[in-house]
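For reference, data-v5.tsv (TSV, N, CA and C atoms):
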```
chain	number	residue	atom	x	y	z
Y	1	GLN	N	114.02	38.14	102.51
Y	1	GLN	CA	114.71	37.10	101.77
Y	1	GLN	C	113.69	36.07	101.29
Y	2	LEU	N	113.83	35.68	100.04
Y	2	LEU	CA	112.90	34.72	99.46
Y	2	LEU	C	113.30	33.32	99.86
Y	3	GLN	N	112.36	32.58	100.43
Y	3	GLN	CA	112.66	31.23	100.86
Y	3	GLN	C	111.51	30.28	100.58
Y	4	LEU	N	111.86	29.05	100.29
Y	4	LEU	CA	110.91	27.95	100.20
Y	4	LEU	C	111.33	26.90	101.20
Y	5	VAL	N	110.40	26.41	101.97
Y	5	VAL	CA	110.71	25.42	103.00
Y	5	VAL	C	109.79	24.21	102.82
Y	6	GLU	N	110.40	23.06	102.58
Y	6	GLU	CA	109.64	21.82	102.46
Y	6	GLU	C	109.52	21.15	103.82
Y	7	SER	N	108.45	20.39	103.99
Y	7	SER	CA	108.26	19.58	105.19
Y	7	SER	C	107.35	18.42	104.86
Y	8	GLY	N	107.31	17.45	105.76
Y	8	GLY	CA	106.40	16.33	105.60
Y	8	GLY	C	107.03	15.03	105.16
Y	9	GLY	N	108.32	15.04	104.90
Y	9	GLY	CA	108.98	13.81	104.52
Y	9	GLY	C	109.10	12.85	105.68
Y	10	GLY	N	109.53	11.63	105.37
Y	10	GLY	CA	109.70	10.64	106.43
Y	10	GLY	C	109.82	9.25	105.86
Y	11	LEU	N	109.70	8.28	106.76
Y	11	LEU	CA	109.77	6.87	106.41
Y	11	LEU	C	108.36	6.30	106.36
Y	12	VAL	N	108.03	5.63	105.28
Y	12	VAL	CA	106.70	5.05	105.12
Y	12	VAL	C	106.83	3.70	104.45
Y	13	GLN	N	105.92	2.81	104.75
Y	13	GLN	CA	105.93	1.49	104.14
Y	13	GLN	C	105.36	1.56	102.72
Y	14	PRO	N	105.74	0.64	101.87
Y	14	PRO	CA	105.15	0.58	100.53
Y	14	PRO	C	103.63	0.52	100.61
Y	15	GLY	N	102.99	1.29	99.74
Y	15	GLY	CA	101.54	1.39	99.77
Y	15	GLY	C	101.02	2.50	100.65
Y	16	GLY	N	101.90	3.09	101.44
Y	16	GLY	CA	101.49	4.15	102.34
Y	16	GLY	C	101.41	5.51	101.68
Y	17	SER	N	101.15	6.52	102.50
Y	17	SER	CA	100.96	7.88	102.01
Y	17	SER	C	101.75	8.88	102.82
Y	18	LEU	N	102.11	9.96	102.16
Y	18	LEU	CA	102.72	11.12	102.81
Y	18	LEU	C	102.19	12.36	102.12
Y	19	ARG	N	102.16	13.46	102.86
Y	19	ARG	CA	101.84	14.76	102.26
Y	19	ARG	C	102.98	15.72	102.52
Y	20	LEU	N	103.58	16.17	101.44
Y	20	LEU	CA	104.65	17.16	101.53
Y	20	LEU	C	104.06	18.56	101.43
Y	21	SER	N	104.69	19.49	102.12
Y	21	SER	CA	104.31	20.90	102.05
Y	21	SER	C	105.49	21.73	101.60
Y	22	CYS	N	105.18	22.78	100.89
Y	22	CYS	CA	106.19	23.75	100.44
Y	22	CYS	C	105.65	25.13	100.77
Y	23	ALA	N	106.26	25.76	101.75
Y	23	ALA	CA	105.79	27.06	102.22
Y	23	ALA	C	106.77	28.15	101.81
Y	24	ALA	N	106.22	29.25	101.30
Y	24	ALA	CA	107.05	30.37	100.86
Y	24	ALA	C	107.07	31.46	101.93
Y	25	SER	N	108.20	32.10	102.04
Y	25	SER	CA	108.31	33.28	102.89
Y	25	SER	C	109.11	34.34	102.15
Y	26	GLY	N	108.74	35.59	102.40
Y	26	GLY	CA	109.44	36.68	101.75
Y	26	GLY	C	108.84	37.08	100.42
Y	27	PHE	N	107.89	36.31	99.92
Y	27	PHE	CA	107.21	36.67	98.69
Y	27	PHE	C	105.89	35.90	98.60
Y	28	THR	N	105.00	36.39	97.75
Y	28	THR	CA	103.75	35.70	97.52
Y	28	THR	C	103.85	34.85	96.27
Y	29	LEU	N	103.20	33.71	96.30
Y	29	LEU	CA	103.32	32.76	95.20
Y	29	LEU	C	102.28	32.96	94.11
Y	30	ASP	N	101.45	33.98	94.22
Y	30	ASP	CA	100.25	34.09	93.38
Y	30	ASP	C	100.50	33.93	91.88
Y	31	TYR	N	101.61	34.43	91.37
Y	31	TYR	CA	101.82	34.39	89.92
Y	31	TYR	C	103.01	33.51	89.55
Y	32	TYR	N	103.35	32.62	90.43
Y	32	TYR	CA	104.45	31.71	90.19
Y	32	TYR	C	103.95	30.33	89.78
Y	33	ALA	N	104.86	29.58	89.19
Y	33	ALA	CA	104.70	28.15	89.04
Y	33	ALA	C	105.53	27.48	90.13
Y	34	ILE	N	104.97	26.48	90.74
Y	34	ILE	CA	105.68	25.71	91.77
Y	34	ILE	C	105.84	24.29	91.27
Y	35	GLY	N	107.05	23.84	91.30
Y	35	GLY	CA	107.34	22.48	90.87
Y	35	GLY	C	107.86	21.63	92.02
Y	36	TRP	N	107.55	20.36	91.97
Y	36	TRP	CA	108.15	19.38	92.87
Y	36	TRP	C	109.12	18.52	92.06
Y	37	PHE	N	110.32	18.38	92.60
Y	37	PHE	CA	111.36	17.58	91.98
Y	37	PHE	C	111.84	16.56	93.00
Y	38	ARG	N	112.49	15.52	92.52
Y	38	ARG	CA	113.08	14.56	93.43
Y	38	ARG	C	114.41	14.06	92.88
Y	39	GLN	N	115.27	13.68	93.80
Y	39	GLN	CA	116.57	13.15	93.40
Y	39	GLN	C	116.92	11.98	94.29
Y	40	ALA	N	117.05	10.83	93.66
Y	40	ALA	CA	117.45	9.62	94.36
Y	40	ALA	C	118.97	9.48	94.28
Y	41	PRO	N	119.59	8.75	95.21
Y	41	PRO	CA	121.04	8.59	95.19
Y	41	PRO	C	121.52	8.04	93.85
Y	42	GLY	N	122.51	8.70	93.28
Y	42	GLY	CA	123.09	8.24	92.03
Y	42	GLY	C	122.27	8.54	90.80
Y	43	LYS	N	121.18	9.28	90.96
Y	43	LYS	CA	120.32	9.59	89.82
Y	43	LYS	C	120.21	11.09	89.63
Y	44	GLU	N	119.80	11.49	88.44
Y	44	GLU	CA	119.58	12.90	88.16
Y	44	GLU	C	118.29	13.39	88.80
Y	45	ARG	N	118.25	14.69	89.03
Y	45	ARG	CA	117.02	15.28	89.56
Y	45	ARG	C	115.90	15.14	88.54
Y	46	GLU	N	114.73	14.77	89.02
Y	46	GLU	CA	113.60	14.47	88.15
Y	46	GLU	C	112.41	15.36	88.52
Y	47	GLY	N	111.79	15.96	87.51
Y	47	GLY	CA	110.58	16.73	87.74
Y	47	GLY	C	109.40	15.81	87.97
Y	48	VAL	N	108.66	16.04	89.04
Y	48	VAL	CA	107.55	15.18	89.42
Y	48	VAL	C	106.21	15.78	89.05
Y	49	SER	N	106.03	17.06	89.42
Y	49	SER	CA	104.74	17.70	89.20
Y	49	SER	C	104.92	19.20	89.30
Y	50	CYS	N	103.95	19.94	88.77
Y	50	CYS	CA	104.00	21.39	88.93
Y	50	CYS	C	102.58	21.93	88.91
Y	51	ILE	N	102.44	23.15	89.42
Y	51	ILE	CA	101.14	23.80	89.46
Y	51	ILE	C	101.32	25.29	89.21
Y	52	ASN	N	100.39	25.86	88.49
Y	52	ASN	CA	100.36	27.30	88.30
Y	52	ASN	C	99.50	27.90	89.41
Y	53	MET	N	100.12	28.76	90.22
Y	53	MET	CA	99.42	29.28	91.40
Y	53	MET	C	98.28	30.22	91.03
Y	54	ASN	N	98.27	30.73	89.81
Y	54	ASN	CA	97.21	31.64	89.39
Y	54	ASN	C	96.00	30.90	88.85
Y	55	ASN	N	96.22	29.99	87.89
Y	55	ASN	CA	95.08	29.32	87.26
Y	55	ASN	C	94.90	27.87	87.67
Y	56	GLY	N	95.81	27.35	88.46
Y	56	GLY	CA	95.65	26.00	88.98
Y	56	GLY	C	96.03	24.89	88.03
Y	57	ASN	N	96.52	25.21	86.82
Y	57	ASN	CA	96.94	24.15	85.89
Y	57	ASN	C	98.01	23.28	86.53
Y	58	THR	N	97.90	21.98	86.27
Y	58	THR	CA	98.85	21.04	86.85
Y	58	THR	C	99.39	20.07	85.80
Y	59	TYR	N	100.57	19.55	86.08
Y	59	TYR	CA	101.16	18.50	85.27
Y	59	TYR	C	101.77	17.47	86.22
Y	60	TYR	N	101.86	16.23	85.71
Y	60	TYR	CA	102.49	15.16	86.47
Y	60	TYR	C	103.36	14.33	85.53
Y	61	THR	N	104.49	13.90	86.03
Y	61	THR	CA	105.26	12.96	85.24
Y	61	THR	C	104.53	11.62	85.25
Y	62	ASP	N	104.75	10.83	84.22
Y	62	ASP	CA	103.96	9.61	84.04
Y	62	ASP	C	104.04	8.66	85.22
Y	63	SER	N	105.20	8.57	85.85
Y	63	SER	CA	105.40	7.58	86.91
Y	63	SER	C	104.59	7.86	88.17
Y	64	VAL	N	104.04	9.07	88.30
Y	64	VAL	CA	103.27	9.39	89.51
Y	64	VAL	C	101.81	9.68	89.22
Y	65	LYS	N	101.42	9.68	87.97
Y	65	LYS	CA	100.03	9.97	87.62
Y	65	LYS	C	99.09	8.96	88.29
Y	66	GLY	N	98.03	9.48	88.88
Y	66	GLY	CA	97.07	8.63	89.57
Y	66	GLY	C	97.45	8.32	91.01
Y	67	ARG	N	98.67	8.65	91.40
Y	67	ARG	CA	99.12	8.39	92.78
Y	67	ARG	C	99.41	9.68	93.54
Y	68	PHE	N	99.95	10.67	92.85
Y	68	PHE	CA	100.32	11.94	93.49
Y	68	PHE	C	99.33	13.02	93.07
Y	69	THR	N	99.07	13.94	93.98
Y	69	THR	CA	98.20	15.08	93.69
Y	69	THR	C	98.85	16.34	94.22
Y	70	ILE	N	99.01	17.32	93.34
Y	70	ILE	CA	99.55	18.61	93.75
Y	70	ILE	C	98.39	19.57	93.95
Y	71	SER	N	98.49	20.40	94.99
Y	71	SER	CA	97.43	21.37	95.26
Y	71	SER	C	98.04	22.63	95.85
Y	72	ARG	N	97.23	23.67	95.91
Y	72	ARG	CA	97.75	24.95	96.36
Y	72	ARG	C	96.81	25.59	97.36
Y	73	ASP	N	97.38	26.40	98.23
Y	73	ASP	CA	96.62	27.26	99.13
Y	73	ASP	C	97.24	28.65	99.02
Y	74	ASN	N	96.66	29.45	98.16
Y	74	ASN	CA	97.25	30.77	97.92
Y	74	ASN	C	97.25	31.64	99.17
Y	75	ALA	N	96.24	31.51	100.00
Y	75	ALA	CA	96.18	32.32	101.21
Y	75	ALA	C	97.36	32.03	102.14
Y	76	LYS	N	97.85	30.81	102.09
Y	76	LYS	CA	98.97	30.42	102.95
Y	76	LYS	C	100.29	30.40	102.19
Y	77	ASP	N	100.26	30.76	100.88
Y	77	ASP	CA	101.48	30.67	100.06
Y	77	ASP	C	102.14	29.30	100.23
Y	78	THR	N	101.34	28.28	100.11
Y	78	THR	CA	101.80	26.92	100.35
Y	78	THR	C	101.28	26.00	99.25
Y	79	VAL	N	102.15	25.08	98.86
Y	79	VAL	CA	101.79	24.05	97.88
Y	79	VAL	C	101.99	22.70	98.55
Y	80	TYR	N	101.10	21.77	98.22
Y	80	TYR	CA	101.16	20.44	98.81
Y	80	TYR	C	101.37	19.39	97.72
Y	81	LEU	N	101.98	18.31	98.12
Y	81	LEU	CA	102.09	17.14	97.25
Y	81	LEU	C	101.61	15.94	98.05
Y	82	GLN	N	100.39	15.49	97.75
Y	82	GLN	CA	99.85	14.31	98.39
Y	82	GLN	C	100.33	13.09	97.62
Y	83	MET	N	101.02	12.21	98.32
Y	83	MET	CA	101.61	11.04	97.68
Y	83	MET	C	100.96	9.79	98.26
Y	84	ASN	N	100.25	9.05	97.43
Y	84	ASN	CA	99.58	7.82	97.84
Y	84	ASN	C	100.19	6.63	97.11
Y	85	SER	N	99.88	5.45	97.61
Y	85	SER	CA	100.38	4.21	96.99
Y	85	SER	C	101.87	4.28	96.72
Y	86	LEU	N	102.60	4.71	97.72
Y	86	LEU	CA	104.04	4.92	97.55
Y	86	LEU	C	104.77	3.61	97.29
Y	87	LYS	N	105.80	3.72	96.46
Y	87	LYS	CA	106.62	2.57	96.08
Y	87	LYS	C	108.05	2.83	96.49
Y	88	ALA	N	108.83	1.77	96.54
Y	88	ALA	CA	110.24	1.90	96.91
Y	88	ALA	C	110.96	2.87	95.96
Y	89	GLU	N	110.57	2.86	94.71
Y	89	GLU	CA	111.24	3.72	93.73
Y	89	GLU	C	110.88	5.20	93.88
Y	90	ASP	N	109.96	5.52	94.77
Y	90	ASP	CA	109.67	6.91	95.08
Y	90	ASP	C	110.65	7.49	96.11
Y	91	THR	N	111.50	6.64	96.66
Y	91	THR	CA	112.47	7.09	97.65
Y	91	THR	C	113.42	8.10	97.02
Y	92	ALA	N	113.52	9.27	97.64
Y	92	ALA	CA	114.36	10.34	97.12
Y	92	ALA	C	114.29	11.53	98.06
Y	93	VAL	N	115.15	12.50	97.82
Y	93	VAL	CA	114.98	13.82	98.43
Y	93	VAL	C	114.06	14.61	97.52
Y	94	TYR	N	113.03	15.17	98.10
Y	94	TYR	CA	112.04	15.93	97.34
Y	94	TYR	C	112.26	17.42	97.57
Y	95	TYR	N	112.29	18.16	96.48
Y	95	TYR	CA	112.51	19.60	96.51
Y	95	TYR	C	111.31	20.31	95.88
Y	96	CYS	N	110.98	21.48	96.40
Y	96	CYS	CA	110.06	22.34	95.68
Y	96	CYS	C	110.83	23.53	95.14
Y	97	ALA	N	110.31	24.10	94.08
Y	97	ALA	CA	110.97	25.20	93.41
Y	97	ALA	C	109.92	26.15	92.84
Y	98	ALA	N	110.31	27.41	92.72
Y	98	ALA	CA	109.40	28.44	92.19
Y	98	ALA	C	110.02	29.09	90.97
Y	99	GLY	N	109.18	29.35	90.00
Y	99	GLY	CA	109.60	30.02	88.79
Y	99	GLY	C	108.44	30.80	88.18
Y	100	ALA	N	108.70	31.43	87.08
Y	100	ALA	CA	107.67	32.23	86.43
Y	100	ALA	C	106.46	31.38	86.06
Y	101	GLY	N	105.29	31.97	86.13
Y	101	GLY	CA	104.06	31.23	85.84
Y	101	GLY	C	104.00	30.64	84.45
Y	102	THR	N	104.72	31.24	83.52
Y	102	THR	CA	104.73	30.75	82.14
Y	102	THR	C	105.37	29.37	82.02
Y	103	ILE	N	106.04	28.91	83.05
Y	103	ILE	CA	106.63	27.58	83.03
Y	103	ILE	C	105.58	26.52	82.77
Y	104	THR	N	104.37	26.74	83.27
Y	104	THR	CA	103.33	25.72	83.13
Y	104	THR	C	102.65	25.76	81.77
Y	105	THR	N	103.21	26.49	80.83
Y	105	THR	CA	102.67	26.49	79.47
Y	105	THR	C	102.78	25.11	78.85
Y	106	THR	N	103.87	24.44	79.13
Y	106	THR	CA	104.05	23.09	78.60
Y	106	THR	C	104.56	22.17	79.69
Y	107	GLN	N	104.26	20.89	79.56
Y	107	GLN	CA	104.75	19.93	80.53
Y	107	GLN	C	106.26	19.85	80.50
Y	108	ALA	N	106.84	19.98	79.32
Y	108	ALA	CA	108.30	19.88	79.20
Y	108	ALA	C	108.99	20.94	80.04
Y	109	MET	N	108.46	22.16	80.01
Y	109	MET	CA	109.05	23.23	80.82
Y	109	MET	C	108.78	22.98	82.30
Y	110	CYS	N	107.59	22.51	82.58
Y	110	CYS	CA	107.16	22.32	83.96
Y	110	CYS	C	108.10	21.39	84.73
Y	111	VAL	N	108.60	20.37	84.09
Y	111	VAL	CA	109.42	19.39	84.79
Y	111	VAL	C	110.91	19.56	84.52
Y	112	ALA	N	111.30	20.71	83.96
Y	112	ALA	CA	112.70	20.99	83.68
Y	112	ALA	C	113.25	21.97	84.70
Y	113	SER	N	114.25	21.56	85.45
Y	113	SER	CA	114.72	22.35	86.58
Y	113	SER	C	115.31	23.69	86.19
Y	114	GLN	N	115.81	23.82	84.96
Y	114	GLN	CA	116.50	25.05	84.60
Y	114	GLN	C	115.56	26.26	84.52
Y	115	TRP	N	114.25	26.03	84.52
Y	115	TRP	CA	113.31	27.15	84.42
Y	115	TRP	C	112.97	27.73	85.78
Y	116	TYR	N	113.44	27.11	86.85
Y	116	TYR	CA	113.04	27.53	88.18
Y	116	TYR	C	114.13	28.37	88.83
Y	117	ASP	N	113.71	29.39	89.58
Y	117	ASP	CA	114.65	30.36	90.14
Y	117	ASP	C	114.94	30.16	91.62
Y	118	TYR	N	113.99	29.65	92.36
Y	118	TYR	CA	114.13	29.53	93.81
Y	118	TYR	C	113.89	28.08	94.21
Y	119	TRP	N	114.70	27.60	95.13
Y	119	TRP	CA	114.65	26.20	95.54
Y	119	TRP	C	114.62	26.08	97.05
Y	120	GLY	N	113.90	25.07	97.52
Y	120	GLY	CA	113.96	24.73	98.92
Y	120	GLY	C	115.14	23.83	99.22
Y	121	GLN	N	115.26	23.45	100.48
Y	121	GLN	CA	116.42	22.67	100.92
Y	121	GLN	C	116.20	21.17	100.77
Y	122	GLY	N	114.96	20.76	100.54
Y	122	GLY	CA	114.66	19.36	100.33
Y	122	GLY	C	114.18	18.65	101.58
Y	123	THR	N	113.40	17.60	101.37
Y	123	THR	CA	112.94	16.75	102.46
Y	123	THR	C	113.02	15.29	102.01
Y	124	GLN	N	113.53	14.45	102.89
Y	124	GLN	CA	113.78	13.05	102.53
Y	124	GLN	C	112.49	12.24	102.63
Y	125	VAL	N	112.23	11.48	101.59
Y	125	VAL	CA	111.13	10.51	101.59
Y	125	VAL	C	111.74	9.13	101.39
Y	126	THR	N	111.48	8.23	102.32
Y	126	THR	CA	112.00	6.87	102.23
Y	126	THR	C	110.83	5.90	102.30
Y	127	VAL	N	110.71	5.07	101.27
Y	127	VAL	CA	109.65	4.07	101.21
Y	127	VAL	C	110.29	2.70	101.37
Y	128	SER	N	110.04	2.09	102.50
Y	128	SER	CA	110.70	0.83	102.81
Y	128	SER	C	109.90	0.06	103.84
Y	129	SER	N	109.97	-1.27	103.74
Y	129	SER	CA	109.31	-2.11	104.73
Y	129	SER	C	110.29	-2.50	105.83
```

Once you've parsed the file, please lay out its structure as structure tokens.
Amino acid sequence: QLQLVESGGGLVQPGGSLRLSCAASGFTLDYYAIGWFRQAPGKEREGVSCINMNNGNTYYTDSVKGRFTISRDNAKDTVYLQMNSLKAEDTAVYYCAAGAGTITTTQAMCVASQWYDYWGQGTQVTVSS
């Protein structure tokens, strides 16, 4: 069974850091695109970042550029999202998703949820003092 499992969420003070992990089981991520999305209460799901597991191409939404870094470990079929300088507005449930590698052809596709086929269950990130 194909599964994605997120971990690493929690409560952090503004300005702090967290590292989220997205681990795949039941399949290898080598030719997939992996996206990170988030959904805050009362808001639509938002694409945050994505990475092509084959060539390493990455995209970031403007609100996280310079603060978040997406990376991959193909040997572990795992993708990470390092989040620094966290703000209250980063509070949300964070999801990872997998889709065809061609998703990373454009940023628009990369951050659009309809292109992704497999989703994790989400991990809560709360930024509060």

**Q.** atom N of Thr106 (chain Y) to CA of Asp30 (chain Y), straight-line distance in Å
**A.** 17.6 Å

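Our summary of the geometry notes that atom N of Asp77 (chain Y) is positioned 11.0 Å from CA of Gly26 (chain Y).
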
(Q) as an MDAnalysis selection string, please: every residue in chain Y that a backbone DSSP assignment puts in strand (DSSP E or B). (A) chainID Y and resid 3:7 10:12 18:25 32:39 46:52 58:60 68:73 78:83 92:100 116:119 123:127

Contacts between region 120-127 of chain Y and region 11-95 of chain Y, please, where a residue of region 11-95 of chain Y counts if it comes within 7 Å (with all atoms listed in the file); show its shortest atom pair and distance in Å to one decimal, rows by chain and ascending number, as a tab-separated table.
```
residue	atom	partner	partner_atom	distance
Y:Leu11	CA	Y:Thr126	C	4.4
Y:Val12	N	Y:Thr126	C	4.1
Y:Gln13	C	Y:Val127	CA	5.2
Y:Pro14	N	Y:Val127	C	5.0
Y:Leu86	C	Y:Val127	CA	6.3
Y:Lys87	C	Y:Val127	CA	5.1
Y:Ala88	CA	Y:Val127	C	4.5
Y:Glu89	N	Y:Val127	C	6.7
Y:Asp90	C	Y:Val125	C	5.6
Y:Thr91	CA	Y:Val125	C	4.3
Y:Ala92	C	Y:Val125	N	4.1
Y:Val93	CA	Y:Thr123	C	4.3
Y:Tyr94	N	Y:Thr123	C	3.9
Y:Tyr95	CA	Y:Gly122	CA	4.4
```

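Put simply, atom C of Tyr118 (chain Y) is 22.2 Å away from atom N of Val64 (chain Y).
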
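Considering only N, CA and C atoms, the residue among Y:Ala100, Y:Met53, Y:Val79, Y:Ala40 positioned nearest to Ala23 (chain Y) is Y:Val79.
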
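Minimum distance to Glu6 (chain Y) across Y:Leu81, Y:Val48, Y:Ala33, Y:Cys22 (counting only C-alpha atoms) occurs at Y:Cys22.
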
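Considering all atoms listed in the file, the residue among Y:Asn84, Y:Arg45, Y:Arg67, Y:Val5 positioned nearest to Ser113 (chain Y) is Y:Arg45.
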
(Q) Please list as a VMD selection string every residue within 5 Å of Leu20 (chain Y), counting only N, CA and C atoms and excluding residues in the same chain fewer than 5 positions away. (A) chain Y and resid 7 to 8 80 to 82

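Comparing the minimum interatomic distances between Phe68 (chain Y) and each of Y:Asn54, Y:Ser49, Y:Ser25, Y:Ile34, counting only C-alpha atoms, we find that Y:Ser49 sits nearest.
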
Six-sided padding of 5 Å per side, axis-aligned box over region 94-102 of chain Y, centre and edges in Å, one decimal, as JSON:
```
{"center_x": 108.5, "center_y": 23.7, "center_z": 90.1, "size_x": 19.0, "size_y": 27.1, "size_z": 26.1}
```

Q) Can you find the residues with an atom no farther than 6.5 Å from (104.9, 19.3, 91.5), counting all atoms listed in the file, and report them as JSON, numbers by chain? A) {"Y": [34, 35, 36, 37, 48, 49, 50, 51, 59, 70]}

Q | Those in chain Y with helix (DSSP H, G or I) from DSSP, as a PyMOL selection string | A | chain Y and resi 62-64+74-76+88-90+101-105+107-110+113-115

Q. For Gln3 (chain Y), which residue among Y:Asn52, Y:Thr78, Y:Thr105, Y:Thr61 is the nearest when counting only C-alpha atoms?
A. Y:Thr78

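For the choices Y:Ser128, Y:Gly10, Y:Ile103, Y:Ala112, the atom-to-atom distance to Glu46 (chain Y) is smallest for Y:Ala112 when using only N, CA and C atoms.
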